[in-house]
file final_2.csv (CSV, C-alpha atoms and all ligand atoms)
chain,number,residue,atom,x,y,z
A,1,MET,CA,0.0,0.0,0.0
A,2,LEU,CA,1.3,3.5,-0.8
A,3,ASP,CA,2.3,5.5,2.3
A,4,VAL,CA,0.9,9.0,1.6
A,5,SER,CA,2.1,10.3,4.9
A,6,LYS,CA,5.5,10.9,3.3
A,7,PRO,CA,6.1,14.0,1.2
A,8,ALA,CA,8.3,11.9,-1.2
A,9,THR,CA,5.4,9.5,-1.9
A,10,VAL,CA,3.0,12.4,-2.5
A,11,ARG,CA,5.5,13.9,-5.0
A,12,ASP,CA,5.9,10.6,-6.7
A,13,ILE,CA,2.1,10.1,-7.0
A,14,MET,CA,1.7,13.6,-8.4
A,15,ARG,CA,4.4,13.1,-11.0
A,16,HIS,CA,3.1,9.6,-12.0
A,17,TYR,CA,-0.5,10.9,-12.5
A,18,GLY,CA,0.6,14.3,-13.9
A,19,ILE,CA,-1.2,16.3,-11.3
A,20,SER,CA,-0.2,19.2,-9.0
A,21,CYS,CA,-1.5,20.7,-5.8
A,22,ARG,CA,-4.4,23.0,-6.7
A,23,LYS,CA,-4.1,26.0,-4.4
A,24,SER,CA,-7.5,27.3,-5.6
A,25,LEU,CA,-9.0,24.1,-4.0
A,26,GLY,CA,-7.1,24.5,-0.8
A,27,GLN,CA,-4.9,21.5,-1.5
A,28,ASN,CA,-2.4,21.2,1.3
A,29,PHE,CA,-1.9,17.6,2.0
A,30,LEU,CA,-1.1,16.2,5.5
A,31,VAL,CA,2.3,14.5,5.4
A,32,ASP,CA,3.0,13.9,9.1
A,33,ARG,CA,2.4,10.3,10.2
A,34,ASN,CA,2.2,11.2,13.9
A,35,MET,CA,-0.2,14.1,13.3
A,36,ILE,CA,-2.4,11.9,11.1
A,37,LYS,CA,-2.6,9.3,13.9
A,38,LYS,CA,-3.3,11.9,16.5
A,39,ILE,CA,-6.3,13.3,14.5
A,40,ILE,CA,-7.7,9.9,13.9
A,41,SER,CA,-7.4,9.0,17.6
A,42,VAL,CA,-9.4,12.0,18.8
A,43,ALA,CA,-12.3,11.0,16.4
A,44,GLY,CA,-12.8,7.9,18.6
A,45,LEU,CA,-13.7,5.6,15.7
A,46,THR,CA,-15.0,2.1,16.2
A,47,PRO,CA,-16.2,-0.5,13.7
A,48,GLU,CA,-19.8,0.6,14.4
A,49,CYS,CA,-19.0,4.1,13.0
A,50,LEU,CA,-19.8,5.7,9.7
A,51,VAL,CA,-17.4,8.5,8.8
A,52,VAL,CA,-18.0,11.1,6.2
A,53,GLU,CA,-14.8,12.7,5.2
A,54,ILE,CA,-14.7,16.0,3.4
A,55,GLY,CA,-11.9,16.4,0.9
A,56,PRO,CA,-9.9,13.2,1.2
A,57,GLY,CA,-7.2,14.5,-1.1
A,58,LEU,CA,-4.7,11.7,-1.6
A,59,GLY,CA,-6.1,9.8,1.4
A,60,ALA,CA,-3.8,10.6,4.3
A,61,LEU,CA,-6.7,10.6,6.8
A,62,THR,CA,-8.9,8.3,4.8
A,63,VAL,CA,-6.6,5.3,5.0
A,64,GLN,CA,-6.3,5.5,8.7
A,65,ALA,CA,-10.0,6.2,9.3
A,66,ALA,CA,-10.9,3.2,7.2
A,67,GLN,CA,-8.8,1.0,9.5
A,68,LYS,CA,-10.9,2.0,12.5
A,69,ALA,CA,-14.4,2.8,11.3
A,70,GLY,CA,-16.9,0.5,9.8
A,71,LYS,CA,-17.3,2.6,6.6
A,72,VAL,CA,-15.9,5.8,5.2
A,73,LEU,CA,-17.6,8.0,2.6
A,74,ALA,CA,-15.1,10.4,1.1
A,75,VAL,CA,-16.5,13.5,-0.7
A,76,GLU,CA,-13.9,14.9,-3.1
A,77,LEU,CA,-14.5,17.8,-5.5
A,78,ASP,CA,-11.3,17.4,-7.6
A,79,ARG,CA,-11.9,14.5,-10.0
A,80,GLY,CA,-8.3,14.6,-11.0
A,81,LEU,CA,-7.5,13.1,-7.6
A,82,ILE,CA,-9.8,10.2,-7.9
A,83,PRO,CA,-7.5,7.8,-9.9
A,84,PRO,CA,-4.5,8.2,-7.4
A,85,LEU,CA,-6.9,8.1,-4.5
A,86,ASN,CA,-8.3,4.8,-5.8
A,87,GLU,CA,-4.7,3.4,-5.9
A,88,VAL,CA,-3.9,4.7,-2.4
A,89,LEU,CA,-7.1,3.2,-0.9
A,90,GLU,CA,-6.7,-0.2,-2.4
A,91,GLY,CA,-7.1,-2.7,0.4
A,92,ALA,CA,-7.7,0.1,2.9
A,93,GLY,CA,-11.1,-1.1,4.1
A,94,ASP,CA,-14.7,-0.1,3.4
A,95,VAL,CA,-14.2,3.3,1.7
A,96,GLU,CA,-16.3,4.8,-1.0
A,97,ILE,CA,-15.2,7.9,-2.9
A,98,VAL,CA,-18.0,10.2,-3.6
A,99,PRO,CA,-17.2,12.7,-6.3
A,100,GLY,CA,-18.9,16.0,-5.6
A,101,ASP,CA,-19.0,19.4,-3.9
A,102,ALA,CA,-19.3,19.2,-0.1
A,103,LEU,CA,-21.1,22.5,-0.1
A,104,GLU,CA,-23.9,21.0,-2.1
A,105,THR,CA,-24.1,17.7,-0.4
A,106,ASP,CA,-27.1,16.5,1.6
A,107,PHE,CA,-25.0,14.5,4.0
A,108,ASP,CA,-28.0,12.6,5.5
A,109,ALA,CA,-29.2,11.6,2.1
A,110,LEU,CA,-25.7,10.4,1.2
A,111,ALA,CA,-25.3,8.5,4.5
A,112,GLY,CA,-28.7,6.9,4.1
A,113,GLU,CA,-28.2,5.9,0.4
A,114,LYS,CA,-24.8,4.3,1.0
A,115,THR,CA,-25.8,2.4,4.1
A,116,GLY,CA,-29.3,1.2,3.2
A,117,GLY,CA,-30.8,3.7,5.6
A,118,THR,CA,-28.8,2.5,8.7
A,119,PHE,CA,-27.3,6.0,9.0
A,120,GLY,CA,-28.6,9.5,8.2
A,121,ARG,CA,-32.0,10.9,8.5
A,122,GLY,CA,-34.2,8.6,10.6
A,123,GLY,CA,-31.2,6.3,11.2
A,124,GLN,CA,-28.0,6.4,13.3
A,125,ALA,CA,-25.8,9.5,13.7
A,126,TYR,CA,-22.4,9.5,11.9
A,127,LYS,CA,-19.1,11.4,12.3
A,128,VAL,CA,-17.6,14.0,10.0
A,129,LEU,CA,-13.9,14.2,9.5
A,130,GLY,CA,-11.9,16.6,7.4
A,131,ASN,CA,-8.8,18.7,6.8
A,132,LEU,CA,-11.1,21.3,5.4
A,133,PRO,CA,-10.3,23.3,2.2
A,134,TYR,CA,-9.5,26.7,3.7
A,135,TYR,CA,-11.2,28.8,1.0
A,136,ILE,CA,-14.7,27.6,2.0
A,137,THR,CA,-14.3,26.9,5.8
A,138,SER,CA,-17.0,29.2,7.0
A,139,PRO,CA,-19.7,28.4,4.4
A,140,LEU,CA,-18.9,24.7,4.8
A,141,LEU,CA,-19.3,24.9,8.5
A,142,MET,CA,-22.5,26.8,8.2
A,143,HIS,CA,-23.8,24.2,5.8
A,144,LEU,CA,-22.9,21.3,8.1
A,145,LEU,CA,-24.4,23.1,11.2
A,146,THR,CA,-27.6,24.6,9.8
A,147,GLY,CA,-28.4,21.5,7.6
A,148,ARG,CA,-29.7,19.7,10.7
A,149,PHE,CA,-27.9,16.6,9.6
A,150,ASN,CA,-27.7,13.6,11.9
A,151,ILE,CA,-24.1,14.2,12.7
A,152,SER,CA,-22.9,13.4,16.3
A,153,LEU,CA,-19.3,14.7,16.1
A,154,MET,CA,-17.1,16.6,13.7
A,155,ILE,CA,-13.3,16.5,13.9
A,156,ILE,CA,-12.0,19.2,11.6
A,157,MET,CA,-8.7,20.8,10.8
A,158,ILE,CA,-9.0,24.5,10.0
A,159,GLN,CA,-6.7,27.6,10.1
A,160,LEU,CA,-5.8,28.5,13.7
A,161,GLU,CA,-7.2,31.9,13.3
A,162,VAL,CA,-10.6,30.5,12.2
A,163,ALA,CA,-10.5,28.0,15.1
A,164,ALA,CA,-10.1,30.9,17.5
A,165,ARG,CA,-13.2,32.6,16.0
A,166,LEU,CA,-15.2,29.4,16.2
A,167,THR,CA,-14.6,29.0,19.9
A,168,ALA,CA,-14.4,32.7,20.9
A,169,VAL,CA,-16.3,34.1,23.9
A,170,PRO,CA,-18.1,37.5,24.1
A,171,GLY,CA,-16.0,40.6,24.4
A,172,THR,CA,-13.0,39.3,22.5
A,173,LYS,CA,-11.9,40.5,19.1
A,174,GLU,CA,-12.4,37.0,17.7
A,175,TYR,CA,-16.0,36.8,18.8
A,176,GLY,CA,-18.4,37.1,15.8
A,177,SER,CA,-21.4,35.6,14.1
A,178,LEU,CA,-19.6,32.4,13.4
A,179,SER,CA,-18.8,32.0,17.2
A,180,VAL,CA,-22.5,32.5,18.0
A,181,ALA,CA,-23.7,30.1,15.3
A,182,VAL,CA,-21.3,27.4,16.4
A,183,GLN,CA,-22.3,27.8,20.0
A,184,TYR,CA,-26.0,27.5,19.1
A,185,PHE,CA,-25.5,24.2,17.3
A,186,ALA,CA,-22.5,22.6,19.0
A,187,GLU,CA,-20.0,22.4,21.8
A,188,SER,CA,-16.6,23.3,20.4
A,189,LYS,CA,-13.1,22.8,21.6
A,190,ILE,CA,-9.7,23.5,20.0
A,191,LEU,CA,-7.8,20.2,20.6
A,192,PHE,CA,-4.3,21.0,19.4
A,193,ARG,CA,-2.3,23.1,17.0
A,194,VAL,CA,-0.9,21.7,13.8
A,195,PRO,CA,2.2,23.5,12.5
A,196,GLY,CA,2.4,24.4,8.8
A,197,SER,CA,5.4,22.0,8.4
A,198,CYS,CA,3.0,19.0,8.7
A,199,PHE,CA,1.6,19.8,5.2
A,200,PHE,CA,2.8,19.5,1.6
A,201,PRO,CA,3.0,22.2,0.4
A,202,PRO,CA,3.3,24.1,3.7
A,203,PRO,CA,0.5,26.7,3.9
A,204,GLY,CA,2.4,29.4,5.7
A,205,VAL,CA,-0.1,29.5,8.6
A,206,ASP,CA,-0.7,27.2,11.5
A,207,SER,CA,-3.8,25.1,11.7
A,208,ALA,CA,-5.8,23.6,14.6
A,209,VAL,CA,-7.9,20.5,15.1
A,210,VAL,CA,-11.3,21.4,16.5
A,211,ARG,CA,-13.9,19.1,17.9
A,212,LEU,CA,-17.5,20.0,17.5
A,213,SER,CA,-20.0,17.9,19.4
A,214,LEU,CA,-23.4,18.6,18.0
A,215,ARG,CA,-26.2,19.4,20.4
A,216,SER,CA,-29.4,17.4,20.3
A,217,GLY,CA,-31.3,20.6,20.7
A,218,PRO,CA,-30.5,24.4,20.9
A,219,PRO,CA,-29.2,25.6,24.3
A,220,VAL,CA,-31.5,28.6,24.2
A,221,ALA,CA,-35.2,28.9,23.3
A,222,VAL,CA,-36.0,31.0,20.2
A,223,HIS,CA,-39.1,30.7,18.1
A,224,ASP,CA,-37.6,32.1,15.0
A,225,GLU,CA,-34.1,30.8,14.4
A,226,GLU,CA,-33.7,32.7,11.1
A,227,LEU,CA,-34.5,36.0,12.9
A,228,LEU,CA,-31.9,35.1,15.6
A,229,PHE,CA,-29.2,34.8,13.0
A,230,LYS,CA,-30.3,38.0,11.2
A,231,VAL,CA,-30.1,39.9,14.5
A,232,VAL,CA,-26.6,38.4,15.2
A,233,ARG,CA,-25.4,39.4,11.8
A,234,ALA,CA,-26.8,42.9,12.2
A,235,ALA,CA,-25.1,43.3,15.6
A,236,PHE,CA,-21.7,42.3,14.3
A,237,GLY,CA,-22.2,44.0,10.9
A,238,GLN,CA,-21.1,47.3,12.4
A,239,ARG,CA,-19.0,46.3,15.4
A,240,ARG,CA,-17.9,49.8,16.4
A,241,LYS,CA,-21.5,51.0,16.8
A,242,THR,CA,-23.6,50.6,19.8
A,243,LEU,CA,-26.2,47.9,19.7
A,244,LEU,CA,-28.9,50.4,19.2
A,245,ASN,CA,-27.3,52.1,16.3
A,246,ALA,CA,-26.2,48.8,14.7
A,247,LEU,CA,-29.7,47.4,14.9
A,248,ALA,CA,-31.5,50.6,13.8
A,249,GLY,CA,-29.2,50.9,10.8
A,250,SER,CA,-29.1,47.3,9.8
A,251,GLY,CA,-31.9,47.0,7.3
A,252,LEU,CA,-33.9,44.8,9.7
A,253,GLY,CA,-36.6,47.5,9.7
A,254,GLY,CA,-37.7,49.6,12.7
A,255,ASP,CA,-36.5,53.0,13.8
A,256,LYS,CA,-34.5,53.9,16.8
A,257,ASP,CA,-37.5,54.1,19.1
A,258,PHE,CA,-38.6,50.7,18.1
A,259,TRP,CA,-35.2,49.2,18.8
A,260,LEU,CA,-34.9,51.1,22.1
A,261,GLN,CA,-38.1,49.6,23.2
A,262,VAL,CA,-37.0,46.1,22.1
A,263,LEU,CA,-33.7,46.4,23.9
A,264,GLU,CA,-35.4,47.7,27.1
A,265,ASN,CA,-37.9,44.8,27.0
A,266,ALA,CA,-35.0,42.4,26.7
A,267,GLY,CA,-33.2,44.0,29.6
A,268,LEU,CA,-30.2,45.1,27.5
A,269,ASP,CA,-28.4,48.4,27.7
A,270,PRO,CA,-28.7,50.0,24.2
A,271,ARG,CA,-25.1,51.5,24.6
A,272,ARG,CA,-23.6,48.1,24.7
A,273,ARG,CA,-21.8,46.8,21.6
A,274,GLY,CA,-23.1,43.7,19.8
A,275,GLU,CA,-19.8,41.9,20.3
A,276,THR,CA,-20.4,41.8,24.1
A,277,LEU,CA,-23.7,39.8,23.9
A,278,THR,CA,-23.9,36.2,24.9
A,279,LEU,CA,-26.0,33.7,22.9
A,280,ALA,CA,-28.6,33.8,25.7
A,281,GLU,CA,-28.8,37.6,25.3
A,282,PHE,CA,-29.1,37.4,21.6
A,283,ALA,CA,-32.0,34.9,22.1
A,284,ALA,CA,-33.7,37.2,24.6
A,285,LEU,CA,-33.4,40.1,22.2
A,286,THR,CA,-34.8,38.1,19.3
A,287,GLU,CA,-37.8,37.0,21.4
A,288,LYS,CA,-38.8,40.6,22.1
A,289,ILE,CA,-39.0,41.6,18.4
A,290,LYS,CA,-42.6,41.7,17.2
A,301,LIG,N1,-7.6,15.2,3.5
A,301,LIG,C1,-6.4,15.5,2.7
A,301,LIG,C2,-5.2,15.6,3.6
A,301,LIG,O1,-5.4,15.9,4.8
A,301,LIG,O2,-4.1,15.5,3.1
A,301,LIG,C3,-6.6,16.7,1.8
A,301,LIG,C4,-7.0,18.0,2.5
A,301,LIG,S1,-6.9,19.4,1.5
A,301,LIG,C5,-6.6,20.7,2.8
A,301,LIG,C6,-8.6,19.8,1.1
A,301,LIG,C7,-9.2,18.8,0.1
A,301,LIG,O3,-10.6,19.2,-0.1
A,301,LIG,C8,-8.6,18.7,-1.2
A,301,LIG,O4,-8.5,17.4,-1.6
A,301,LIG,C9,-9.6,19.4,-2.2
A,301,LIG,O5,-9.5,19.0,-3.5
A,301,LIG,C10,-10.9,19.1,-1.5
A,301,LIG,N2,-12.0,20.1,-1.8
A,301,LIG,C11,-11.9,21.4,-2.1
A,301,LIG,N3,-13.1,21.9,-2.2
A,301,LIG,C12,-14.0,20.9,-2.0
A,301,LIG,C13,-15.4,20.9,-2.0
A,301,LIG,N4,-16.1,22.0,-2.3
A,301,LIG,N5,-16.0,19.7,-1.7
A,301,LIG,C14,-15.3,18.6,-1.5
A,301,LIG,N6,-13.9,18.6,-1.5
A,301,LIG,C15,-13.3,19.7,-1.7
call {"tool": "encode", "arguments": {"input": "final_2.csv", "output": "structure tokens"}}
result
Amino acid sequence: MLDVSKPATVRDIMRHYGISCRKSLGQNFLVDRNMIKKIISVAGLTPECLVVEIGPGLGALTVQAAQKAGKVLAVELDRGLIPPLNEVLEGAGDVEIVPGDALETDFDALAGEKTGGTFGRGGQAYKVLGNLPYYITSPLLMHLLTGRFNISLMIIMIQLEVAARLTAVPGTKEYGSLSVAVQYFAESKILFRVPGSCFFPPPGVDSAVVRLSLRSGPPVAVHDEELLFKVVRAAFGQRRKTLLNALAGSGLGGDKDFWLQVLENAGLDPRRRGETLTLAEFAALTEKIK
């Protein structure tokens, strides 16, 4: 079996298949055996697990995941990688390569279709794994979180700076709409840093592995989830403004008097900045909008 955890093997494969790393698709391949093992170990894979991997690349994580999980579905956008990936995965276990765009994928439908309904919507929950393509990290995360897929756990590698935003708390410069959304759908933790030297080619920035444990229900009660996220985006849209000015100027409708009343009803000081509000406060604010 080809050992893709070595940069020399990755180079050989690329030469042999006449391909190169496509920067536009965020192709930085993991080439550090210890790091690959460490990522797989925190996913807690067992033979009962179904894993959906996003962007298998040349299979560095895929091969190891397939040795621990019952089945791996690997969604890869770059069709040029599929022939080498097939070679790398030969004899690796139960892995299916799924050509396609993860941003467009209905993961529950895919899991159901590939397991005869055992996993996915109405079936068992599955795990998501991925060294995510950096150019679409935020939209991909939002797709995974807001899609209400039957996912129990995500182990993802992302840029350190994005990981900090994901897990940020109110009042910090990293805290933003992504932090609030992640908190609404999941419990998140940065597990460890991954230096740029673990990749081929090295990306020039450090990354981090993040664990997202998806909640079975939201931690705050809101009747209109869509409105909650509109309010959050409005509050962060103009970070330097007070909450009152940001909301009144946001296009959500309502003049200053309206928002003053809403904020008062929610027990929030209109002079605060949006970036200081907790998820519970955003929820309380949303509930007072009529
Ligand atoms: N998992 C491999 C590894 O760790 O070495 C590759 C990770 S590389 C950072 C990201 C992978 O995602 C690439 O293989 C890239 O082609 C793929 N990719 C990029 N955009 C994608 C998309 N929209 N859907 C699925 N895969 C995508």
call {"tool": "closest_atom_pairs", "arguments": {"input": "final_2.csv", "of": "chain A", "to": "ligand LIG 301 (chain A)", "cutoff": "8 Å", "atoms": "all atoms listed in the file", "output": "tab-separated table"}}
result
residue	atom	partner	partner_atom	distance
A:Arg22	CA	A:LIG301	O5	7.2
A:Leu25	CA	A:LIG301	C11	4.4
A:Gly26	CA	A:LIG301	C5	5.3
A:Gln27	CA	A:LIG301	S1	4.2
A:Asn28	CA	A:LIG301	C5	4.5
A:Phe29	CA	A:LIG301	O2	3.2
A:Leu30	CA	A:LIG301	O2	3.9
A:Val31	CA	A:LIG301	O2	6.9
A:Glu53	CA	A:LIG301	N1	7.8
A:Ile54	CA	A:LIG301	C14	5.6
A:Gly55	CA	A:LIG301	O3	3.2
A:Pro56	CA	A:LIG301	N1	3.8
A:Gly57	CA	A:LIG301	O4	3.2
A:Leu58	CA	A:LIG301	C1	6.0
A:Gly59	CA	A:LIG301	C1	5.9
A:Ala60	CA	A:LIG301	O2	5.1
A:Leu61	CA	A:LIG301	N1	5.7
A:Thr62	CA	A:LIG301	N1	7.1
A:Val75	CA	A:LIG301	C14	5.3
A:Glu76	CA	A:LIG301	N6	4.0
A:Leu77	CA	A:LIG301	N6	4.1
A:Asp78	CA	A:LIG301	O5	4.8
A:Leu81	CA	A:LIG301	O4	7.4
A:Pro99	CA	A:LIG301	C14	7.8
A:Gly100	CA	A:LIG301	C14	6.0
A:Asp101	CA	A:LIG301	N5	3.7
A:Ala102	CA	A:LIG301	N5	3.7
A:Leu103	CA	A:LIG301	N4	5.5
A:Glu104	CA	A:LIG301	N4	7.9
A:Gly130	CA	A:LIG301	N1	6.0
A:Asn131	CA	A:LIG301	C4	4.7
A:Leu132	CA	A:LIG301	C6	5.2
A:Pro133	CA	A:LIG301	C6	4.0
A:Tyr134	CA	A:LIG301	C5	6.7
A:Tyr135	CA	A:LIG301	N3	7.8
A:Ile136	CA	A:LIG301	N4	7.2
A:Phe199	CA	A:LIG301	O2	7.4
call {"tool": "closest_residue", "arguments": {"input": "final_2.csv", "among": "A:Phe119, A:Val210, A:Pro201, A:Val180", "to": "Thr278 of chain A", "atoms": "all atoms listed in the file"}}
result
A:Val180
call {"tool": "atom_distance", "arguments": {"input": "final_2.csv", "atom1": "atom CA of Pro7 of chain A", "atom2": "atom CA of Gly91 of chain A"}}
result
21.3 Å
call {"tool": "closest_atom_pairs", "arguments": {"input": "final_2.csv", "of": "segment 102-193 of chain A", "to": "segment 252-276 of chain A", "cutoff": "12 Å", "atoms": "all atoms listed in the file", "output": "Markdown table"}}
result
| residue | atom | partner | partner_atom | distance |
| --- | --- | --- | --- | --- |
| A:Ala168 | CA | A:Glu275 | CA | 10.7 |
| A:Val169 | CA | A:Thr276 | CA | 8.7 |
| A:Pro170 | CA | A:Thr276 | CA | 4.9 |
| A:Gly171 | CA | A:Thr276 | CA | 4.6 |
| A:Thr172 | CA | A:Glu275 | CA | 7.6 |
| A:Lys173 | CA | A:Glu275 | CA | 8.1 |
| A:Glu174 | CA | A:Glu275 | CA | 9.2 |
| A:Tyr175 | CA | A:Glu275 | CA | 6.5 |
| A:Gly176 | CA | A:Glu275 | CA | 6.7 |
| A:Ser177 | CA | A:Glu275 | CA | 9.0 |
| A:Leu178 | CA | A:Glu275 | CA | 11.7 |
| A:Ser179 | CA | A:Glu275 | CA | 10.4 |
| A:Val180 | CA | A:Glu275 | CA | 10.0 |
call {"tool": "atom_distance", "arguments": {"input": "final_2.csv", "atom1": "atom CA of Ile39 of chain A", "atom2": "atom CA of Lys114 of chain A"}}
result
24.6 Å
call {"tool": "atom_distance", "arguments": {"input": "final_2.csv", "atom1": "atom CA of Pro84 of chain A", "atom2": "atom CA of Gln64 of chain A"}}
result
16.4 Å
call {"tool": "residues_around", "arguments": {"input": "final_2.csv", "residues": "Leu110 of chain A", "least_positions_apart": "5", "cutoff": "10 Å", "atoms": "all atoms listed in the file", "output": "list in words"}}
result
Val52, Leu73, Val75, Val98, Thr105, Thr115, Gly117, Phe119, Gly120 and Arg121 of chain A
call {"tool": "residues_around", "arguments": {"input": "final_2.csv", "residues": "Ser152 of chain A", "least_positions_apart": "4", "cutoff": "7 Å", "atoms": "only C-alpha atoms", "output": "VMD selection string"}}
result
chain A and resid 125 to 127 213 to 214
